[in-house]
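Colleague: Quick one: the structure is below, and I'll ask about it shortly.
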Amino acid sequence: MKLKLHIWRQPNQSAQGAFADYELGDVSEDMSFLEMLDVLNEKLSADGKDPVAFDHDCREGICGMCGMVVNGSPHGPRKSTTTCQLHMRSFKDGDELWIEPWRAQAFPVLKDLVVDRSSFDRIIQSGGYISARAGSAQDANATLIPKLDADTAFEAAACIGCGACVAACPNASAMLFVAAKVSHLGHLPQGQPERYSRVRKMVSQMDAEGFGGCTNHKECEAACPKGISISHIARLNRDLVKAQLTAAEEKAVSEGAG
Amino acid sequence: MELKSNAPAGDIQTRWERHRFEMKLVNPANKRKYNVIVVGSGLAGGSAAATLGELGYNVRCFCYQDSPRRAHSIAAQGGINAAKNYQNDGDSVYRLFYDTVKGGDFRARESNVYRLAELSVNIIDQCVAQGVPFAREYSGLLANRSFGGAQVSRTFYARGQTGQQLLLGAYQALSRQIADGKVKMYPRTEMLDVVVVNGRARGIVTRDMVSGKTEVHMADAVILATGGYGNVFYLSTNAKGCNVMASWRAHRRGALMANPCYTQIHPTCIPVSGDYQSKLTLMSESLRNDGRVWVPKRKEDVGKSAASIAEGDRDYYLERKYPSFGNLVPRDIASRNAKEVCDEGRGVGPGGLGVYLDFSDAIKRLGEAAVSERYGNLFEMYERITGDNPYKTPMRIYPAIHYTMGGLWVDYNLMSNVPGLFVLGEANFSDHGANRLGASALMQGLADGYFVIPYTLGHYLAQQKFEPVSESTAEAKDALRSADDRIKQFLSINGKRSPDSFHRELGKICWDKCGMARDAAGLKEALKRIPELREEFWKNLRVLGSGAELNQSLEQAGRVADFLEFGELMCNDALQREESCGGHFRTEHQTEEGEAKRDDDKFTYVAAWEWKGVGNAPQLHKEPLTFDYVHPSQRSYK
Ligand SMILES: Cc1cc2nc3c(=O)[nH]c(=O)nc-3n(C[C@H](O)[C@H](O)[C@H](O)COP(=O)(O)OP(=O)(O)OC[C@H]3O[C@@H](n4cnc5c(N)ncnc54)[C@H](O)[C@@H]3O)c2cc1C
Ligand code: FES
């Protein structure tokens, strides 16, 4: 098939970007979307033009490195599919594709389709973990975990941190990302000691990073390649309310007043 | 050079315990005075950086992805082994040790393997404590499965995403240390060289992949956990960025590279569909539990649709040749047989490089619902990639490179022959011999990072006196200059071919001549063609743009340049090893049954190669292996 491509080109973070137009023939329907871009890049290089920069690594839909907005949809038109797993058979001859990076204040564009998602890492650093020193663990079967809890935790933990939820949200909120981690750890007995401090810290870091607030547009859930449910957001909100109530108490204790 | 394994002697069951006691300790208050570099944030590097940070060392950790959470470990599907014996089915530390030594075809160091089996149980405890959501039974207990032909159920898993969940556990532990200021993380940073001062590893040269800035980082010890070299074959199941650069640069600075010819091929991958193919996707091996592998009996039938080939005209070759194991023969046997039927011209699909994996009998026997329950997500993935529906037409599969057992040589302490340079995870050669068992790579990475390096690093540091070295030491400046020069060179050749085109060509040579089956003539041809290709690379490469920006062609050029040197060493090693063992199959050395034929008298050693300069013959050093507990035997799957 033959395609008309409009791709966001931006040399670096401080430069102005713009769409550039390319025509690409001989696109096979068995190619992945990224292989189509590889072919374009080989062609551009052969013509002495700068290839399009885009992030990718596993090309199996699991590392969360790839991601671009295709015709307005993060990761393109196919449900529950990352860009690297999208294949050209989802398109047809003569299609016109607008390809652009994630757009969000907290994800500055570094070059072309590559964005800086280190804000996600800082959110995890603020509390998205269980403090478990190597060497201190008890036997793995000493604490029973109901299957339902383990399965729910797993579903939340399946988040690949790609950022499509942010790109899809009209407010550029990271609520689904944060909620997935809060819910994963909060469903497990091991996650209880830090449960409320965790949600408080993560939400405050999310705000500090410049992500917007959640006003229930649900676009995130639709765009998520791993089908993470927004029910985790509801759960986060419940934990957050409780966390705010306990915060004052914790502060008093840690200052020795208790 | 004498290669000292430094493995303790005596009763194998207490070797690690005794060694731990004998090792020197670093006083808690002194740990913060030591600077440690960890390159890599996969299971091995991530767990090491987190654990060392927690102990109090000052750690700097580097990875090329935009976040440590994306290391290639994330893609592991099947599971992680541990000798917990939660199933009461006869497993034990000793059995896991035994299976691993035997599975490695008697080419691994017994002491290391025993320690690995011993630590496996701690890994599961540690991961559960971190919140890794392993599969569970309704009782709330952890679930297990049997994996890769093991006779016991010792594999722990998190659906088909075990690597992801384990890595997120390590990543979160690492994140906590980053927040505490104990680890400083450098994502989007590639390591270009090791700095060796007075014979000891004291730093690395890096390039910031966004700004292009190259710089030197000095430390008291350097840990490489940079993964495997499967991408020397271009097409593999590895992530696109996986590379040999860190190991290769260390090799050029004196670290020995061991057993590079030990590579593992996975039999069930989705076949190549065209020239643009950029990587291969693994389909879980579990598919072979219910799928039947076949090709047409006659060459004339390969173009026909599967459905139109009558039952009697199909060759279920694995069932025919290996009646007792059938479709469940080990990975290497399944792979080699697929190649054989394709070489005979009986392969199916584009290019004739594929065999059928047929579920129609399973669907008849179990019903579509039951098959979908077991394999639904895999079928979906297959359909997404190929456009074919496996419920209706048989899948097509073909083997692909999946894992590399070889790597930098390390002693029992996971230290290379360059003092202060440690190597963990897939990047070292240590535990799997000539062949790795399924679900054992994740185990090794985490054992190395959580439970071995915290002890052995301290032992090294406590024995040394470290004179302060700065970034302006002559050795550091030299290394930085040579890294800068190399970048300039890539940019100035201004030829006609892209790094990718060289990489593809190299990959094809390696796959054809040093892939599933190897022989002297083919290897010699590869050894002629690789240097020619390398020469062309340095004359005809084209990298656009500059070094002072995000430049993905430049990154790739650096990786391909190293693969072009590494590929030659791999072929040399394969040529030297005049026997077949594990993943290394020399067609000249097979039994009458077509099985790999070891030559224990001559080859029971680790082949560790020393760098002698580009184009010069590398020097071979041998570490003899002894088997005091598991006695070498010949395997048979008939
Ligand atoms: C598809 C697939 C499925 C698998 N399934 C299983 C399984 O079910 N069970 C199992 O046990 N094993 C499995 N394996 C094998 C296993 O996943 C790997 O062997 C293991 O995860 C390797 O871990 P690692 O920490 O050594 O390296 P990696 O996870 O590869 O990490 C390497 C790290 O080094 C960094 N790095 C590399 N080069 C540089 C450089 N030059 N500069 C800076 N940083 C660098 C990377 O950024 C990364 O952080 C599978 C492998 C594949 C490909
Ligand atoms: S490249 Fe890893 S998810 Fe797409």
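Just remember, in the structure tokens the first chain shown is A, the second B, etc., residues are 1-based per chain, and ligands are 1-based in the order shown.
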Quick one: everything within 7 Å of region 133-135 of chain A, counting only C-alpha atoms, minus sequence neighbours fewer than 3 positions away in the same chain. Send it as a list in words.
Modeller: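 Neighbouring residues, sequence-local ones excluded: Thr51, Gln126 and Tyr450 of chain B.
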Colleague: Residues of chain B were defined as contacting chain A if any atom lay at most 6 Å from it, counting only C-alpha atoms; please report them as a VMD selection string.
Modeller: chain B and resid 70 125 to 126 128 to 130 133 136 138 140 to 141 172 175 to 176 179 239 to 241
Colleague: What's the 8 Å shell around Val222 (chain B), counting only C-alpha atoms, without same-chain residues fewer than 2 positions away, as a PyMOL selection string?
Modeller: chain B and resi 36-39+201-204+219-220+224+420-422
Colleague: Using Å and a single decimal, report how far CA of Asn289 (chain B) sits from CA of Gly326 (chain B).
Modeller: 9.9 Å
Colleague: So that I can check the surroundings of region 189-200 of chain B, please list as a ChimeraX atom specification every protein, DNA and RNA residue that reaches within 8 Å of it, counting only C-alpha atoms and ignoring chain neighbours fewer than 4 positions away.
Modeller: /B:39,62-65,204-209,218,245-246,249-250,253,418-421,475-476,479,483
Colleague: Hey, which residues sit close to ligand 1? Say within 7 Å, counting only C-alpha atoms and all ligand atoms, and write them as a ChimeraX atom specification.
Modeller: /B:39-45,62-65,68,71-80,162-163,189-192,225-228,237-239,242-246,281-282,402-403,424-427,438-443,445
Colleague: Write out as a list in words which residues come within 7 Å of Arg346 (chain B) when counting only C-alpha atoms, dropping same-chain ones fewer than 2 positions away.
Modeller: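 Using only C-alpha atoms, the neighbours found are Val295, Pro296, Arg298, Lys299, Val302, Val341, Cys342, Glu344 and Val348 of chain B.
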Colleague: DSSP says strand (DSSP E or B) for which residues of region 372-524 of chain B? Put them as a list in words?
Modeller: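 The strand (DSSP E or B) residues within region 372-524 of chain B come out as Met395, Arg396, Ile397, Tyr398, Pro399, Ala400, Ile401, His402, Tyr403, Thr404, Gly407, Leu408, Met415, Leu421, Phe422, Val423, Asn428, Arg497 and Arg518 of chain B.
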Colleague: When DSSP works through the backbone of this structure, what residues of region 67-248 of chain A end up as alpha helix (DSSP H), shown as a PyMOL selection string?
Modeller: chain A and resi 118-125+147-157+164-168+175-186+195-208+219-223+231-248
Colleague: Provide the CA of Glu110 (chain B) to CA of Asn85 (chain B) distance in Å, to one decimal place.
Modeller: 21.3 Å
